[in-house]
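Visitor: Okay, so here is input02.cif, and as you'll see once you scroll down, it has mmCIF, C-alpha atoms and all ligand atoms.
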```
data_target
loop_
_atom_site.label_atom_id
_atom_site.label_comp_id
_atom_site.auth_asym_id
_atom_site.auth_seq_id
_atom_site.Cartn_x
_atom_site.Cartn_y
_atom_site.Cartn_z
CA MET X 1 100.08 77.95 121.97
CA SER X 2 96.66 77.23 123.45
CA VAL X 3 94.91 73.88 123.42
CA VAL X 4 91.25 72.95 123.70
CA VAL X 5 90.65 69.30 124.56
CA VAL X 6 87.19 67.97 123.66
CA GLY X 7 86.14 65.04 125.85
CA ALA X 8 86.51 64.65 129.62
CA GLY X 9 86.85 60.88 129.66
CA ILE X 10 90.06 59.33 130.91
CA VAL X 11 91.91 60.19 127.66
CA GLY X 12 90.97 63.88 127.54
CA ALA X 13 91.51 64.26 131.28
CA SER X 14 94.97 62.73 131.00
CA VAL X 15 95.90 64.92 128.03
CA ALA X 16 94.66 68.04 129.86
CA TYR X 17 96.52 67.11 133.05
CA HIS X 18 99.81 66.46 131.26
CA LEU X 19 99.51 69.68 129.23
CA ALA X 20 98.75 71.72 132.35
CA ARG X 21 101.71 70.11 134.10
CA ARG X 22 103.92 71.40 131.32
CA GLY X 23 102.48 74.88 131.74
CA ALA X 24 100.45 74.92 128.51
CA PRO X 25 97.20 76.93 128.47
CA VAL X 26 94.46 74.31 128.17
CA THR X 27 90.66 74.18 128.22
CA LEU X 28 88.86 70.85 128.72
CA ILE X 29 85.33 70.83 127.34
CA ASP X 30 82.57 68.21 127.45
CA ARG X 31 78.86 68.19 126.73
CA ALA X 32 78.24 66.13 129.88
CA PRO X 33 77.92 67.96 133.20
CA ALA X 34 80.60 65.78 134.86
CA PRO X 35 83.77 63.97 133.77
CA ALA X 36 83.77 60.25 132.94
CA THR X 37 80.19 59.83 131.81
CA GLY X 38 81.18 58.06 128.55
CA ALA X 39 82.88 54.66 128.16
CA THR X 40 85.18 55.57 131.05
CA GLY X 41 82.24 55.59 133.46
CA GLY X 42 81.23 52.08 132.42
CA SER X 43 84.72 50.57 132.30
CA PHE X 44 86.06 47.44 133.96
CA ALA X 45 89.38 49.36 134.17
CA TRP X 46 91.82 46.46 134.18
CA ILE X 47 95.34 47.73 133.63
CA GLY X 48 97.67 45.65 131.54
CA GLY X 49 95.28 42.78 130.96
CA ARG X 50 95.56 42.57 127.22
CA GLY X 51 97.03 39.08 127.04
CA GLY X 52 99.02 39.25 123.83
CA HIS X 53 96.59 41.66 122.19
CA TRP X 54 98.17 45.08 121.64
CA PRO X 55 97.03 46.02 118.12
CA GLY X 56 98.96 48.39 115.88
CA GLY X 57 100.81 51.14 117.70
CA ALA X 58 99.55 49.94 121.11
CA GLU X 59 102.43 47.46 121.03
CA ASP X 60 104.93 50.35 121.17
CA LEU X 61 103.23 51.84 124.25
CA ARG X 62 103.01 48.56 126.13
CA GLY X 63 106.41 48.81 127.82
CA SER X 64 105.54 52.20 129.40
CA VAL X 65 102.07 51.44 130.73
CA LEU X 66 102.84 50.18 134.23
CA ALA X 67 105.53 52.81 134.89
CA ASP X 68 103.17 55.62 133.85
CA HIS X 69 100.43 54.36 136.18
CA ARG X 70 102.94 54.18 139.04
CA ARG X 71 104.14 57.70 138.20
CA LEU X 72 100.57 59.03 138.35
CA GLU X 73 100.07 57.31 141.70
CA ALA X 74 103.15 59.16 142.96
CA GLU X 75 102.09 62.52 141.45
CA LEU X 76 98.43 62.47 142.50
CA PRO X 77 97.36 61.31 145.97
CA ASP X 78 93.83 60.50 144.75
CA VAL X 79 95.07 58.00 142.14
CA ALA X 80 95.27 54.49 143.56
CA VAL X 81 95.77 51.30 141.56
CA ARG X 82 94.93 47.94 143.14
CA TRP X 83 97.93 45.89 142.03
CA SER X 84 96.12 42.61 142.59
CA GLY X 85 97.42 40.64 139.60
CA SER X 86 95.13 38.72 137.29
CA LEU X 87 94.09 35.15 136.65
CA ARG X 88 92.62 34.31 133.28
CA TRP X 89 91.51 31.18 131.53
CA ASP X 90 89.65 32.76 128.67
CA GLY X 91 92.04 31.57 126.01
CA ALA X 92 94.63 34.33 126.43
CA PRO X 93 98.15 33.19 125.54
CA VAL X 94 100.70 32.43 128.25
CA GLY X 95 103.78 34.67 127.90
CA ALA X 96 105.78 33.17 125.08
CA GLU X 97 109.03 34.84 126.01
CA PRO X 98 110.87 34.79 129.32
CA GLY X 99 110.34 38.04 131.17
CA GLU X 100 106.85 38.62 129.80
CA GLY X 101 105.60 38.31 133.36
CA ARG X 102 102.82 35.82 132.66
CA PHE X 103 102.87 32.38 134.21
CA ARG X 104 100.89 29.21 133.77
CA VAL X 105 99.47 28.03 137.12
CA GLY X 106 97.68 24.76 137.88
CA ALA X 107 94.53 24.19 139.94
CA ASP X 108 96.42 24.20 143.29
CA GLY X 109 98.10 27.49 142.44
CA ILE X 110 94.76 28.94 141.39
CA ARG X 111 93.18 27.82 144.69
CA ALA X 112 95.95 29.52 146.64
CA LEU X 113 95.51 32.78 144.70
CA GLU X 114 91.71 32.73 144.58
CA PRO X 115 90.45 30.59 147.48
CA GLY X 116 86.82 31.55 146.92
CA LEU X 117 86.56 29.86 143.50
CA ARG X 118 84.27 26.82 143.67
CA GLU X 119 85.75 24.96 140.71
CA PRO X 120 89.14 26.22 139.59
CA PRO X 121 90.02 25.34 136.00
CA GLU X 122 92.89 22.93 135.29
CA TRP X 123 95.16 25.85 134.58
CA ALA X 124 95.13 29.61 134.14
CA VAL X 125 97.46 32.44 133.18
CA HIS X 126 98.66 34.41 136.19
CA THR X 127 99.95 37.95 135.56
CA PRO X 128 101.11 39.33 138.91
CA SER X 129 101.90 42.79 137.50
CA ASP X 130 98.31 43.53 136.39
CA GLY X 131 96.15 45.96 138.32
CA GLY X 132 92.81 47.72 138.26
CA LEU X 133 91.48 51.11 139.25
CA ASP X 134 88.32 53.13 139.69
CA ALA X 135 88.19 54.86 136.31
CA VAL X 136 85.66 57.50 137.43
CA ALA X 137 87.73 58.39 140.50
CA VAL X 138 90.98 58.56 138.53
CA THR X 139 89.43 60.72 135.79
CA GLY X 140 88.07 63.03 138.48
CA ALA X 141 91.52 63.21 140.07
CA LEU X 142 93.13 64.10 136.73
CA VAL X 143 90.53 66.82 136.10
CA ARG X 144 90.98 68.31 139.58
CA ALA X 145 94.77 68.24 139.22
CA ALA X 146 94.60 69.87 135.79
CA ARG X 147 92.34 72.59 137.19
CA GLY X 148 94.75 73.10 140.10
CA LEU X 149 97.51 73.65 137.54
CA GLY X 150 95.48 76.33 135.75
CA ALA X 151 93.42 74.37 133.19
CA ARG X 152 89.95 75.72 132.42
CA MET X 153 86.98 73.34 132.63
CA VAL X 154 83.84 73.77 130.54
CA LEU X 155 81.41 70.98 131.44
CA GLY X 156 77.78 70.65 130.40
CA ALA X 157 78.38 72.62 127.18
CA ALA X 158 75.75 72.16 124.47
CA GLY X 159 76.43 72.22 120.74
CA VAL X 160 80.18 71.62 120.92
CA ALA X 161 81.58 72.00 117.39
CA LEU X 162 84.80 72.83 115.59
CA LYS X 163 84.96 76.46 114.46
CA THR X 164 86.37 76.61 110.93
CA VAL X 165 87.14 79.57 108.70
CA ASP X 166 88.38 78.92 105.14
CA GLY X 167 89.05 75.30 106.05
CA ARG X 168 91.23 76.16 109.04
CA VAL X 169 90.10 75.18 112.54
CA LEU X 170 90.30 78.18 114.87
CA GLY X 171 88.92 76.56 118.00
CA VAL X 172 85.66 75.23 119.37
CA THR X 173 82.24 76.82 119.73
CA SER X 174 79.63 75.78 122.27
CA SER X 175 76.78 77.18 124.35
CA ALA X 176 79.54 78.48 126.63
CA GLY X 177 80.98 80.64 123.83
CA PHE X 178 83.99 80.49 121.53
CA HIS X 179 87.11 78.76 122.79
CA PRO X 180 90.04 79.72 120.55
CA ALA X 181 92.88 77.25 120.15
CA SER X 182 96.05 76.77 118.16
CA THR X 183 95.28 73.04 118.46
CA VAL X 184 92.03 71.24 119.24
CA VAL X 185 92.59 67.75 120.67
CA LEU X 186 89.65 65.47 119.87
CA ALA X 187 89.45 62.99 122.75
CA ALA X 188 85.68 62.53 122.54
CA GLY X 189 85.69 58.74 122.09
CA THR X 190 82.91 57.61 119.74
CA GLY X 191 81.77 61.27 119.57
CA VAL X 192 84.81 62.11 117.43
CA ARG X 193 83.06 60.82 114.31
CA GLY X 194 80.31 63.44 114.62
CA LEU X 195 82.75 66.23 115.47
CA LEU X 196 84.66 65.52 112.24
CA THR X 197 81.62 65.62 109.96
CA PRO X 198 81.95 69.38 109.21
CA LEU X 199 85.52 68.73 108.02
CA GLY X 200 84.22 65.98 105.72
CA LEU X 201 86.53 63.46 107.38
CA GLU X 202 85.57 59.92 108.30
CA LEU X 203 87.70 57.62 110.43
CA PRO X 204 87.45 53.88 111.13
CA ILE X 205 86.17 54.14 114.71
CA GLU X 206 83.64 51.54 115.82
CA ALA X 207 81.31 51.96 118.78
CA SER X 208 81.59 48.54 120.40
CA PRO X 209 79.04 47.83 123.16
CA ALA X 210 80.11 46.21 126.43
CA ARG X 211 78.21 45.63 129.67
CA LEU X 212 79.43 46.46 133.16
CA VAL X 213 77.67 45.30 136.32
CA ARG X 214 78.42 46.77 139.75
CA LEU X 215 77.69 44.64 142.80
CA THR X 216 78.05 44.60 146.56
CA ALA X 217 80.09 41.71 147.95
CA PRO X 218 81.90 40.68 151.12
CA SER X 219 85.37 42.28 151.18
CA GLY X 220 88.01 39.96 149.75
CA LEU X 221 85.53 37.60 148.09
CA VAL X 222 87.45 38.13 144.83
CA ARG X 223 91.16 38.78 145.30
CA ALA X 224 92.70 39.04 141.84
CA ILE X 225 91.22 40.14 138.53
CA VAL X 226 89.47 36.97 137.44
CA ALA X 227 88.70 36.40 133.75
CA GLY X 228 86.97 33.20 132.66
CA PRO X 229 85.29 32.53 129.35
CA GLU X 230 81.90 33.88 130.48
CA PHE X 231 82.72 36.87 132.68
CA GLU X 232 85.40 39.03 134.22
CA VAL X 233 85.22 40.12 137.85
CA ARG X 234 87.38 42.22 140.19
CA GLU X 235 87.06 44.08 143.47
CA VAL X 236 87.15 47.80 142.70
CA ARG X 237 87.15 48.74 146.39
CA GLU X 238 86.29 46.96 149.61
CA GLY X 239 82.82 45.47 149.33
CA ARG X 240 82.31 46.48 145.69
CA LEU X 241 82.78 44.31 142.60
CA LEU X 242 82.83 45.10 138.91
CA MET X 243 81.82 42.43 136.39
CA THR X 244 81.80 42.41 132.62
CA VAL X 245 79.46 40.11 130.75
CA PRO X 246 78.32 40.11 127.11
CA PRO X 247 76.13 43.15 126.30
CA THR X 248 73.19 40.86 125.50
CA SER X 249 73.40 39.26 128.96
CA SER X 250 71.75 40.75 132.05
CA ALA X 251 72.80 41.87 135.52
CA ASP X 252 70.77 39.04 137.07
CA ARG X 253 72.59 36.46 134.97
CA ALA X 254 75.90 38.02 135.99
CA LEU X 255 74.90 37.69 139.65
CA ARG X 256 73.89 34.05 139.18
CA ARG X 257 77.22 33.30 137.47
CA LEU X 258 79.11 34.96 140.30
CA GLN X 259 77.19 32.96 142.90
CA ALA X 260 77.78 29.73 140.98
CA SER X 261 81.50 30.47 140.69
CA PHE X 262 82.43 31.72 144.19
CA HIS X 263 81.79 30.44 147.70
CA GLY X 264 80.36 33.18 149.89
CA ALA X 265 78.67 35.11 147.08
CA ASP X 266 75.09 34.38 148.16
CA GLY X 267 74.66 37.79 149.78
CA CYS X 268 75.99 39.71 146.76
CA ARG X 269 73.55 42.22 145.27
CA VAL X 270 73.45 44.10 141.97
CA LEU X 271 73.85 47.87 142.37
CA ASP X 272 73.45 48.79 138.71
CA THR X 273 74.39 47.86 135.18
CA ARG X 274 75.08 49.77 132.00
CA VAL X 275 76.10 49.14 128.42
CA SER X 276 78.67 51.61 127.07
CA ALA X 277 79.98 52.15 123.57
CA ARG X 278 83.72 51.58 123.58
CA PRO X 279 85.60 53.72 121.04
CA MET X 280 87.46 51.13 118.99
CA PRO X 281 89.61 52.33 116.09
CA ALA X 282 90.48 49.66 113.54
CA ASP X 283 94.14 48.61 113.73
CA GLY X 284 95.01 50.18 117.06
CA PRO X 285 95.19 53.66 118.62
CA LEU X 286 94.62 56.79 116.50
CA VAL X 287 96.85 59.49 117.95
CA GLY X 288 98.34 62.45 116.10
CA HIS X 289 97.71 65.52 113.96
CA LEU X 290 94.79 65.09 111.62
CA VAL X 291 95.26 68.03 109.29
CA PRO X 292 98.54 69.41 107.91
CA ASP X 293 98.23 72.82 109.62
CA GLY X 294 98.34 71.14 113.04
CA SER X 295 95.03 72.65 114.18
CA VAL X 296 93.32 69.30 114.93
CA TYR X 297 94.89 66.47 116.87
CA LEU X 298 93.24 63.10 117.44
CA ALA X 299 93.41 60.86 120.53
CA VAL X 300 91.04 57.88 120.19
CA LEU X 301 91.97 54.44 121.43
CA HIS X 302 90.68 51.23 122.91
CA SER X 303 91.83 49.93 126.30
CA ALA X 304 92.29 53.56 127.09
CA VAL X 305 92.20 53.09 130.85
CA THR X 306 95.38 51.06 130.47
CA LEU X 307 96.93 53.45 127.95
CA ALA X 308 95.71 56.93 129.03
CA PRO X 309 98.60 57.87 131.34
CA THR X 310 101.16 57.02 128.64
CA VAL X 311 99.19 58.58 125.79
CA GLY X 312 98.47 61.75 127.80
CA ARG X 313 102.15 62.17 128.61
CA LEU X 314 103.24 61.66 124.99
CA VAL X 315 100.54 63.90 123.47
CA ALA X 316 101.47 66.75 125.84
CA GLN X 317 105.15 66.22 125.02
CA GLU X 318 104.46 66.43 121.27
CA LEU X 319 102.22 69.49 121.48
CA VAL X 320 104.51 71.44 123.80
CA THR X 321 107.87 70.60 122.20
CA GLY X 322 106.65 70.23 118.60
CA GLU X 323 108.76 67.09 118.31
CA SER X 324 107.24 63.78 117.25
CA ALA X 325 107.26 61.04 119.89
CA GLU X 326 108.79 57.91 118.42
CA GLU X 327 106.47 55.72 120.53
CA LEU X 328 103.41 57.16 118.71
CA ARG X 329 104.82 56.62 115.20
CA ARG X 330 102.48 53.70 114.44
CA CYS X 331 99.40 55.41 115.90
CA ARG X 332 99.14 58.14 113.27
CA PRO X 333 95.88 58.84 111.41
CA GLU X 334 97.70 59.22 108.05
CA GLY X 335 96.66 56.48 105.67
CA ARG X 336 93.73 55.49 107.89
CA ILE X 337 91.23 58.20 106.92
CA LEU X 338 88.29 56.54 105.18
CA ARG X 339 86.86 59.61 103.50
CA GLY X 340 87.85 63.22 102.94
CA GLY X 341 91.55 62.83 103.63
CA GLY X 342 92.59 63.67 100.11
C1 LIG W 401 82.39 47.32 129.95
C2 LIG W 401 83.74 47.92 129.59
C3 LIG W 401 84.89 47.32 130.04
C4 LIG W 401 86.13 47.87 129.71
N1 LIG W 401 87.25 47.31 130.24
C5 LIG W 401 88.45 47.89 130.06
C6 LIG W 401 89.60 47.41 130.73
O1 LIG W 401 89.51 46.46 131.50
N2 LIG W 401 90.78 48.04 130.53
C7 LIG W 401 90.90 49.12 129.68
O2 LIG W 401 92.00 49.67 129.54
N3 LIG W 401 89.82 49.61 129.02
C8 LIG W 401 88.62 49.01 129.19
N4 LIG W 401 87.50 49.48 128.55
C9 LIG W 401 87.67 50.53 127.53
C10 LIG W 401 87.87 51.90 128.17
O3 LIG W 401 86.92 52.11 129.17
C11 LIG W 401 87.78 52.96 127.09
O4 LIG W 401 88.81 52.71 126.12
C12 LIG W 401 87.99 54.37 127.65
O5 LIG W 401 87.14 54.63 128.72
C13 LIG W 401 87.79 55.40 126.55
O6 LIG W 401 88.04 56.66 127.13
P1 LIG W 401 87.85 57.99 126.30
O7 LIG W 401 88.23 59.10 127.18
O8 LIG W 401 88.55 57.86 124.99
O9 LIG W 401 86.30 58.00 125.91
P2 LIG W 401 85.01 58.30 126.81
O10 LIG W 401 85.18 57.85 128.21
O11 LIG W 401 83.84 57.78 126.06
O12 LIG W 401 84.97 59.89 126.85
C14 LIG W 401 84.58 60.66 125.75
C15 LIG W 401 83.99 61.95 126.28
O13 LIG W 401 83.70 62.79 125.17
C16 LIG W 401 82.47 63.42 125.38
N5 LIG W 401 81.90 63.75 124.07
C17 LIG W 401 81.57 62.90 123.09
N6 LIG W 401 81.10 63.56 122.02
C18 LIG W 401 81.12 64.87 122.37
C19 LIG W 401 80.72 66.06 121.70
N7 LIG W 401 80.21 66.03 120.45
N8 LIG W 401 80.86 67.22 122.34
C20 LIG W 401 81.37 67.27 123.59
N9 LIG W 401 81.76 66.19 124.28
C21 LIG W 401 81.63 65.00 123.67
C22 LIG W 401 81.62 62.42 126.15
O14 LIG W 401 80.60 63.08 126.89
C23 LIG W 401 82.67 61.75 127.03
O15 LIG W 401 82.77 62.36 128.30
C24 LIG W 401 86.23 49.00 128.87
C25 LIG W 401 85.05 49.62 128.44
C26 LIG W 401 83.82 49.09 128.79
C27 LIG W 401 82.59 49.80 128.35
#
```
Please lay out the structure from this file as structure tokens.
Ligand SMILES: Cc1cc2nc3c(=O)[nH]c(=O)nc-3n(C[C@H](O)[C@H](O)[C@H](O)COP(=O)(O)OP(=O)(O)OC[C@H]3O[C@@H](n4cnc5c(N)ncnc54)[C@H](O)[C@@H]3O)c2cc1C
Guide:
Amino acid sequence: MSVVVVGAGIVGASVAYHLARRGAPVTLIDRAPAPATGATGGSFAWIGGRGGHWPGGAEDLRGSVLADHRRLEAELPDVAVRWSGSLRWDGAPVGAEPGEGRFRVGADGIRALEPGLREPPEWAVHTPSDGGLDAVAVTGALVRAARGLGARMVLGAAGVALKTVDGRVLGVTSSAGFHPASTVVLAAGTGVRGLLTPLGLELPIEASPARLVRLTAPSGLVRAIVAGPEFEVREVREGRLLMTVPPTSSADRALRRLQASFHGADGCRVLDTRVSARPMPADGPLVGHLVPDGSVYLAVLHSAVTLAPTVGRLVAQELVTGESAEELRRCRPEGRILRGGG
């Protein structure tokens, strides 16, 4: 077998790393000159923080997410999760069942967890097991580790396209040449739609815009991942914050909201802001073979920073062993192809 993975975001990097770890020959290819320039590079990168929202097959992956992140931390020295927990009062449900690990905390509890907040709400949902990471750094670490295990990297390739002969996909062509593959894994986020056009296939993948703002801040100003109705904020590393605000809002408004919400935020400054298109398949993750001959495999999902370690492990397991992973059963593309699927 030989696999070409298209897309060096966190999903493609994770798939390539897990394949290389299993000894499979793998090439990771991207049109961008560096990994993580897509949605991954503009991500808030909160792990776990889905409240009760795990659509479709994501629900079946939920129980593995934290363990897979901890495993990656153990396997790769450059992967570090800040297990800070989260506090949210944006309408997310409190854990309905015992053991869900979400707790309702009152204003005093919120003050103890997040002393910088000027006006804590009456109550919030505290999830101590949540964490966050630097999605660019982690994607880079996965790419480096995959390369160290023998994976080939083709970055900055122009004209990446599926190579088909008589309807069968033989690999990928690009300005860097022909990359033959027994299976091409499409992990190109919103770019998957364009890559599938020559096959006449259309999938329900939305490009959903979201804004990230990066700021400087005094270390420890924000301790947990804080999610109110108007913004989310977390410390990504000492002295650096990430915020998400609506895409129509601005970085200056985000800064003003931060300063109005936290004591000690007066000296915070905006570093940059960007709006990224989040790949968002309808009805949950799309993961699995796309055509009956097994030559094209799809890996497109939302909340992929949370799910990438688990999905990468399971995709590699399926491709190397040829056995279907039960956990991915509800993620399959079958029945979800809008056009051209017969
Ligand atoms: C503001 C914001 C906040 C978010 N917050 C969270 C969060 O808190 N937690 C969470 O889990 N998720 C979050 N997400 C979502 C998460 O970031 C995405 O689900 C994830 O990054 C998607 O990763 P990916 O690898 O599938 O896609 P991408 O990162 O978009 O990577 C796709 C890659 O494919 C390449 N590509 C595309 N088309 C082609 C082509 N034709 N040829 C060659 N290469 C191609 C691109 O260059 C890119 O490198 C957030 C996203 C945003 C924008």
Visitor: Sort by chain and increasing residue number a table of all residues of chain X within 7 Å of ligand LIG 401 (chain W), each with its closest pair of atoms and their distance in Å to one decimal, counting only C-alpha atoms and all ligand atoms, and write it as JSON lines.
Guide:
```
{"residue": "X:Val6", "atom": "CA", "partner": "W:LIG401", "partner_atom": "N9", "distance": 5.7}
{"residue": "X:Gly7", "atom": "CA", "partner": "W:LIG401", "partner_atom": "O13", "distance": 3.4}
{"residue": "X:Ala8", "atom": "CA", "partner": "W:LIG401", "partner_atom": "O15", "distance": 4.6}
{"residue": "X:Gly9", "atom": "CA", "partner": "W:LIG401", "partner_atom": "O7", "distance": 3.4}
{"residue": "X:Ile10", "atom": "CA", "partner": "W:LIG401", "partner_atom": "O7", "distance": 4.2}
{"residue": "X:Val11", "atom": "CA", "partner": "W:LIG401", "partner_atom": "O7", "distance": 3.9}
{"residue": "X:Gly12", "atom": "CA", "partner": "W:LIG401", "partner_atom": "O7", "distance": 5.5}
{"residue": "X:Ile29", "atom": "CA", "partner": "W:LIG401", "partner_atom": "C20", "distance": 6.5}
{"residue": "X:Asp30", "atom": "CA", "partner": "W:LIG401", "partner_atom": "N9", "distance": 3.8}
{"residue": "X:Arg31", "atom": "CA", "partner": "W:LIG401", "partner_atom": "C20", "distance": 4.1}
{"residue": "X:Ala32", "atom": "CA", "partner": "W:LIG401", "partner_atom": "O14", "distance": 4.9}
{"residue": "X:Pro35", "atom": "CA", "partner": "W:LIG401", "partner_atom": "O15", "distance": 5.8}
{"residue": "X:Ala36", "atom": "CA", "partner": "W:LIG401", "partner_atom": "O15", "distance": 5.2}
{"residue": "X:Thr37", "atom": "CA", "partner": "W:LIG401", "partner_atom": "O15", "distance": 5.0}
{"residue": "X:Gly38", "atom": "CA", "partner": "W:LIG401", "partner_atom": "O11", "distance": 3.7}
{"residue": "X:Ala39", "atom": "CA", "partner": "W:LIG401", "partner_atom": "O11", "distance": 3.9}
{"residue": "X:Thr40", "atom": "CA", "partner": "W:LIG401", "partner_atom": "O5", "distance": 3.2}
{"residue": "X:Gly41", "atom": "CA", "partner": "W:LIG401", "partner_atom": "O10", "distance": 6.4}
{"residue": "X:Gly42", "atom": "CA", "partner": "W:LIG401", "partner_atom": "C27", "distance": 4.9}
{"residue": "X:Ser43", "atom": "CA", "partner": "W:LIG401", "partner_atom": "C26", "distance": 3.9}
{"residue": "X:Phe44", "atom": "CA", "partner": "W:LIG401", "partner_atom": "N1", "distance": 3.9}
{"residue": "X:Ala45", "atom": "CA", "partner": "W:LIG401", "partner_atom": "O1", "distance": 3.9}
{"residue": "X:Trp46", "atom": "CA", "partner": "W:LIG401", "partner_atom": "O1", "distance": 3.5}
{"residue": "X:Ile47", "atom": "CA", "partner": "W:LIG401", "partner_atom": "N2", "distance": 5.5}
{"residue": "X:Gly49", "atom": "CA", "partner": "W:LIG401", "partner_atom": "O1", "distance": 6.9}
{"residue": "X:Gly159", "atom": "CA", "partner": "W:LIG401", "partner_atom": "N8", "distance": 6.9}
{"residue": "X:Val160", "atom": "CA", "partner": "W:LIG401", "partner_atom": "N8", "distance": 4.7}
{"residue": "X:Ala161", "atom": "CA", "partner": "W:LIG401", "partner_atom": "N7", "distance": 6.8}
{"residue": "X:Ala187", "atom": "CA", "partner": "W:LIG401", "partner_atom": "O8", "distance": 5.7}
{"residue": "X:Ala188", "atom": "CA", "partner": "W:LIG401", "partner_atom": "O13", "distance": 3.3}
{"residue": "X:Gly189", "atom": "CA", "partner": "W:LIG401", "partner_atom": "O9", "distance": 3.9}
{"residue": "X:Thr190", "atom": "CA", "partner": "W:LIG401", "partner_atom": "O11", "distance": 6.4}
{"residue": "X:Gly191", "atom": "CA", "partner": "W:LIG401", "partner_atom": "N6", "distance": 3.4}
{"residue": "X:Val192", "atom": "CA", "partner": "W:LIG401", "partner_atom": "N6", "distance": 6.1}
{"residue": "X:Gly194", "atom": "CA", "partner": "W:LIG401", "partner_atom": "N7", "distance": 6.4}
{"residue": "X:Leu195", "atom": "CA", "partner": "W:LIG401", "partner_atom": "N7", "distance": 5.6}
{"residue": "X:Pro209", "atom": "CA", "partner": "W:LIG401", "partner_atom": "C27", "distance": 6.6}
{"residue": "X:Ala210", "atom": "CA", "partner": "W:LIG401", "partner_atom": "C1", "distance": 4.3}
{"residue": "X:Arg211", "atom": "CA", "partner": "W:LIG401", "partner_atom": "C1", "distance": 4.5}
{"residue": "X:Leu212", "atom": "CA", "partner": "W:LIG401", "partner_atom": "C1", "distance": 4.5}
{"residue": "X:Thr244", "atom": "CA", "partner": "W:LIG401", "partner_atom": "C1", "distance": 5.6}
{"residue": "X:Val275", "atom": "CA", "partner": "W:LIG401", "partner_atom": "C27", "distance": 6.5}
{"residue": "X:Ser276", "atom": "CA", "partner": "W:LIG401", "partner_atom": "C27", "distance": 4.5}
{"residue": "X:Ala277", "atom": "CA", "partner": "W:LIG401", "partner_atom": "C27", "distance": 5.9}
{"residue": "X:Arg278", "atom": "CA", "partner": "W:LIG401", "partner_atom": "C27", "distance": 5.2}
{"residue": "X:Pro279", "atom": "CA", "partner": "W:LIG401", "partner_atom": "O4", "distance": 6.1}
{"residue": "X:Val300", "atom": "CA", "partner": "W:LIG401", "partner_atom": "O8", "distance": 5.4}
{"residue": "X:Leu301", "atom": "CA", "partner": "W:LIG401", "partner_atom": "O4", "distance": 5.9}
{"residue": "X:His302", "atom": "CA", "partner": "W:LIG401", "partner_atom": "O4", "distance": 4.0}
{"residue": "X:Ser303", "atom": "CA", "partner": "W:LIG401", "partner_atom": "O2", "distance": 3.3}
{"residue": "X:Ala304", "atom": "CA", "partner": "W:LIG401", "partner_atom": "O4", "distance": 3.7}
{"residue": "X:Val305", "atom": "CA", "partner": "W:LIG401", "partner_atom": "O2", "distance": 3.7}
{"residue": "X:Thr306", "atom": "CA", "partner": "W:LIG401", "partner_atom": "O2", "distance": 3.8}
{"residue": "X:Leu307", "atom": "CA", "partner": "W:LIG401", "partner_atom": "O2", "distance": 6.4}
```
Visitor: In Å, with one decimal, what is the gap from CA of Ser250 (chain X) to CA of Pro229 (chain X)?
Guide: 16.1 Å
Visitor: In Å to one decimal, how far is CA of Glu73 (chain X) from CA of Leu221 (chain X)?
Guide: 25.3 Å
Visitor: Closest to Gly264 (chain X) among X:Val184, X:Ala282, X:Val222, X:Val311, using only C-alpha atoms?
Guide: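 Of the candidates, the smallest distance to Gly264 (chain X) is held by X:Val222.
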Visitor: So that I can see what lies close to Trp123 (chain X), please list as a ChimeraX atom specification the residues with an atom at most 8 Å from it, counting only C-alpha atoms and leaving out residues fewer than 2 positions away in the same chain.
Guide: /X:89,104-107,110,120-121,125
Visitor: Between X:Leu149, X:Arg336, X:Thr310, X:Asp78, which is the closest to Gly63 (chain X) once you count all atoms listed in the file?
Guide: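 With all atoms listed in the file as the atom set, the closest residue is X:Thr310.
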Visitor: Please indicate the distance in Å from CA of Ser182 (chain X) to CA of Val165 (chain X), rounded to one decimal place.
Guide: 13.3 Å
Visitor: Skip Leu142 (chain X) itself and residues of its chain fewer than 6 positions away, then list as a PyMOL selection string all residues within 7 Å of it, counting only C-alpha atoms.
Guide: chain X and resi 13-14+17
Visitor: Counting all atoms listed in the file, I want the residues whose atoms come within 12 Å of (94.9, 59.7, 104.0) in the file frame, returned as a VMD selection string.
Guide: chain X and resid 201 to 204 289 to 292 332 to 342
Visitor: Select, from X:Pro246, X:Arg214, X:Ala112, X:Ser129, the residue with the minimum atom-to-atom distance to Ala67 (chain X), counting all atoms listed in the file.
Guide: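 Among X:Pro246, X:Arg214, X:Ala112, X:Ser129, it is X:Ser129 that comes nearest to Ala67 (chain X).
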Visitor: Quick one: of X:Ser2, X:Phe262, X:Val154, X:Met280, who's nearest to Arg193 (chain X), counting all atoms listed in the file?
Guide: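 Checking each of X:Ser2, X:Phe262, X:Val154, X:Met280 against Arg193 (chain X), counting all atoms listed in the file, the winner is X:Met280.
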Visitor: Give as an MDAnalysis selection string every residue, naming chains and numbers as the document does, that has an atom within 9 Å of (98.1, 51.0, 115.6), counting all atoms listed in the file.
Guide: chainID X and resid 54:60 281:287 328:332
Visitor: Using only C-alpha atoms, which of the listed residues (X:Leu76, X:Ser324, X:Leu319, X:His263) sits closest to Gly140 (chain X)?
Guide: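 For Gly140 (chain X), the nearest of the given residues is X:Leu76.
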